[in-house]
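For reference, structure.csv is printed below; it contains CSV, C-alpha atoms and all ligand atoms.
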chain,number,residue,atom,x,y,z
A,2,MET,CA,23.7,-26.8,-12.3
A,3,GLY,CA,26.0,-24.3,-10.7
A,4,THR,CA,26.8,-23.8,-7.1
A,5,GLN,CA,24.9,-20.5,-7.1
A,6,SER,CA,21.6,-22.2,-6.5
A,7,VAL,CA,23.0,-24.3,-3.7
A,8,LEU,CA,25.1,-21.8,-1.8
A,9,CYS,CA,23.9,-18.7,0.0
A,10,SER,CA,25.2,-15.7,-1.8
A,11,VAL,CA,25.8,-13.9,1.6
A,12,CYS,CA,27.5,-16.4,3.8
A,13,GLN,CA,28.5,-19.0,1.2
A,14,GLY,CA,26.8,-21.7,3.3
A,15,VAL,CA,24.7,-24.5,1.8
A,16,LEU,CA,21.1,-23.5,1.6
A,17,PRO,CA,18.4,-25.9,2.9
A,18,ALA,CA,17.4,-28.4,0.2
A,19,THR,CA,14.4,-27.4,-1.8
A,20,GLY,CA,13.6,-30.9,-3.0
A,21,ARG,CA,14.8,-34.4,-3.5
A,22,GLU,CA,16.7,-33.4,-6.6
A,23,SER,CA,18.7,-30.9,-4.4
A,24,TYR,CA,20.5,-33.8,-2.7
A,25,THR,CA,23.5,-34.1,-5.0
A,26,ALA,CA,27.1,-35.2,-4.5
A,27,LEU,CA,28.1,-31.6,-5.2
A,28,ARG,CA,25.8,-30.4,-2.4
A,29,GLY,CA,27.1,-33.0,0.0
A,30,ARG,CA,30.7,-31.9,-0.7
A,31,LEU,CA,29.8,-28.2,-0.2
A,32,ILE,CA,28.2,-29.0,3.1
A,33,VAL,CA,31.5,-30.5,4.2
A,34,THR,CA,33.6,-27.5,2.9
A,35,ASN,CA,31.2,-24.6,3.5
A,36,GLY,CA,28.8,-25.8,6.1
A,37,TYR,CA,25.1,-24.9,6.2
A,38,CYS,CA,23.6,-21.5,5.8
A,39,ALA,CA,22.1,-20.4,9.1
A,40,GLY,CA,19.3,-18.7,7.3
A,41,GLY,CA,18.0,-15.2,7.3
A,42,CYS,CA,21.2,-13.9,5.6
A,43,ALA,CA,19.3,-11.8,3.0
A,44,GLU,CA,17.1,-10.4,5.8
A,45,ARG,CA,20.1,-9.6,7.9
A,46,LEU,CA,21.9,-8.0,4.9
A,47,ALA,CA,18.8,-5.8,4.2
A,48,GLU,CA,18.6,-4.9,7.9
A,49,ALA,CA,22.2,-3.8,7.9
A,50,GLU,CA,21.7,-1.8,4.7
A,51,ARG,CA,18.7,-0.1,6.3
A,52,ALA,CA,20.6,0.7,9.5
A,53,ARG,CA,23.4,2.3,7.4
A,54,GLU,CA,20.8,4.4,5.5
A,55,MET,CA,19.4,5.5,8.9
A,56,ALA,CA,22.8,6.3,10.3
A,57,ARG,CA,23.5,8.7,7.4
A,58,PRO,CA,22.6,12.2,8.8
A,59,MET,CA,21.6,13.8,5.5
A,60,ALA,CA,20.8,12.2,2.2
A,61,PRO,CA,23.0,13.5,-0.6
A,62,GLN,CA,20.0,13.7,-3.0
A,63,ALA,CA,18.2,16.5,-1.2
A,64,GLN,CA,15.3,17.8,-3.3
A,65,GLY,CA,15.8,21.4,-4.4
A,66,PRO,CA,17.9,24.1,-2.9
A,67,ALA,CA,18.0,24.3,0.8
A,68,PRO,CA,15.9,27.1,2.2
A,69,VAL,CA,18.0,29.9,3.5
A,70,ALA,CA,17.6,30.5,7.2
A,71,PRO,CA,16.7,34.2,7.9
A,72,ALA,CA,19.6,36.1,9.3
A,73,ARG,CA,19.2,36.5,13.1
A,74,MET,CA,19.1,40.2,13.9
A,75,ALA,CA,21.1,41.3,16.9
A,76,PRO,CA,19.0,43.1,19.4
A,77,VAL,CA,19.4,46.8,18.9
A,78,ARG,CA,20.5,48.7,22.0
A,79,ILE,CA,19.6,52.3,22.2
B,101,ZN,ZN,23.6,-17.6,4.4

What's the structure tokens form of this structure?
Ligand SMILES: [Zn+2]
Amino acid sequence: MGTQSVLCSVCQGVLPATGRESYTALRGRLIVTNGYCAGGCAERLAEAERAREMARPMAPQAQGPAPVAPARMAPVRI
């Protein structure tokens, strides 16, 4: 068993135990060195990702050529 299943991939904290078999010496050591994961890391990460997407003014993958705006005609003075 690797540390991947014990540690949070976002904050590297120890994830809450999923069962009796989760309580291992390795886990105990990691709690001391890394501390616990506060939880909601994946959600926070997704939230930040979404916020970044929103902040971008224009998506690079625009579908089709942009419609050409009609040239504004200057008012003709006679
Ligand atoms: Zn975490």

Excluding Asn35 (chain A) and its own-chain neighbours fewer than 5 positions away, which residues fall within 7 Å of it when counting all atoms listed in the file? Please give them as a VMD selection string.
chain A and resid 13 to 15

Residues from the last selection, C-alpha atoms, saved as a PDB file, in the frame of the given file:
ATOM      1  CA  GLN A  13      28.500 -19.000   1.200  1.00  0.00           C
ATOM      2  CA  GLY A  14      26.800 -21.700   3.300  1.00  0.00           C
ATOM      3  CA  VAL A  15      24.700 -24.500   1.800  1.00  0.00           C
TER       4      VAL A  15
END

Produce as a compact mmCIF listing (two decimals) with C-alpha atoms, in the frame of the given file the set of residues near ligand ZN 101 (chain B), where near means within 8 Å with all atoms listed in the file considered.
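Printed below is selection_9.txt as written:
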# COMPACT_ATOMS: atom_id res chain seq x y z
CA LEU A 8 25.10 -21.80 -1.80
CA CYS A 9 23.90 -18.70 0.00
CA SER A 10 25.20 -15.70 -1.80
CA VAL A 11 25.80 -13.90 1.60
CA CYS A 12 27.50 -16.40 3.80
CA GLN A 13 28.50 -19.00 1.20
CA GLY A 14 26.80 -21.70 3.30
CA VAL A 15 24.70 -24.50 1.80
CA LEU A 16 21.10 -23.50 1.60
CA TYR A 37 25.10 -24.90 6.20
CA CYS A 38 23.60 -21.50 5.80
CA ALA A 39 22.10 -20.40 9.10
CA GLY A 40 19.30 -18.70 7.30
CA GLY A 41 18.00 -15.20 7.30
CA CYS A 42 21.20 -13.90 5.60
CA ALA A 43 19.30 -11.80 3.00

Separation of CA of Gly20 (chain A) from CA of Ser6 (chain A) in Å
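These two atoms are separated by 12.3 Å.
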
Using Å and a single decimal, report how far CA of Gly29 (chain A) sits from CA of Val7 (chain A).
10.3 Å

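Take CA of Arg21 (chain A) and CA of Arg45 (chain A): the distance between them is 27.8 Å.
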